[in-house]
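To start, the structure under review is shown below, and the notes come after it.
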Amino acid sequence: GRAAPYAVDAVANPLSEYGWHKLHGEQLTLVACPRAAVLRVALLYGPCDGTSDSAVTSLHADLASGVLEVDAWQRCYPTWTPDVAGVLAAMLRLHVDGRGQALRGVFHWQGGEQLSWHEMLLQVAEIAGIDASGITPVTAPPAAPLPRDCRLDCSRLETLLGGEVVAELRTPFRQGLRQCLAPLVAATASPRSACRALR
């Protein structure tokens, strides 16, 4: 798509094959079960076992490998997976409470902070204690077709959940990132600590 924020009823126009596959999955689900609810989420990150678990945590691996340039063109909204779990639980509670009729069709959810990949990388570097001062932000559009702004219109679901629930399920990026990276930072620091102990 090219016209953010994307509404739940906007005509879908994926710019990648991956996006088309996801859209096809949604269509098959809603045809097979018209009463189903489809929750679209974007750029997930959360508790992980390794840097390859998400595109956000892979920034830690990029730093370790000495990356020199990082995209600063695309606008992303990283979304904490425990928040998504909370959203799904809240949707199920609404269904159990007899409001399932309202939970049909497509819904959106994502984090509330807009960040570029370069901005996310700088926060990863700060938490991990890695110098990122020499990494250049790339402000030119990439060669691959990507949306400039990935913002979703989440108002349909926000209205159903209510303001108090919504506020609880938008974890600040830095808070989630610190928790997410803790085991990776500890694993990186452990060999150094062992080396110091042997000296």
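Chain labels run A, B, ... following the order of the structure tokens; each chain numbers its residues from 1, and ligands are numbered from 1 in the order shown.
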
Mind listing the helix (DSSP H, G or I) residues of chain A, per DSSP on the backbone, as JSON, numbers by chain? {"A": [17, 18, 19, 20, 21, 22, 23, 24, 25, 26, 27, 28, 29, 30, 31, 32, 51, 52, 53, 58, 59, 60, 61, 62, 63, 64, 81, 82, 83, 84, 85, 86, 87, 88, 89, 90, 91, 92, 93, 94, 95, 96, 97, 98, 99, 100, 101, 102, 117, 118, 119, 120, 121, 122, 123, 124, 125, 126, 127, 128, 155, 156, 157, 158, 159, 160, 161, 163, 164, 165, 166, 167, 168, 173, 174, 175, 176, 177, 178, 179, 180, 181, 182, 183, 184, 185, 186, 187, 188, 189, 190, 191, 192, 193, 194, 195, 196, 197, 198]}

What lies within 9 Å of Pro142 (chain A) using only C-alpha atoms, ignoring chain neighbours under 4 positions off, as a PyMOL selection string? chain A and resi 71+73-74+138+146

Have a look at A:Val185, A:Arg40, A:Ala167, A:Leu157 and name the one nearest to Ile127 (chain A); count only C-alpha atoms.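 For Ile127 (chain A), the nearest of the given residues is A:Val185.
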
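The nearest approach to Thr57 (chain A) among the residues A:Met120, A:Ala12, A:Leu23, A:Leu28, with only C-alpha atoms taken into account, belongs to A:Met120.
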
According to DSSP computed on the backbone, where in chain A is there strand (DSSP E or B)? Give the residues as an NGL selection string. :A and (6 or 37-41 or 44-45 or 69-71 or 75-76 or 79-80 or 105-109 or 115 or 136-138 or 149 or 152)
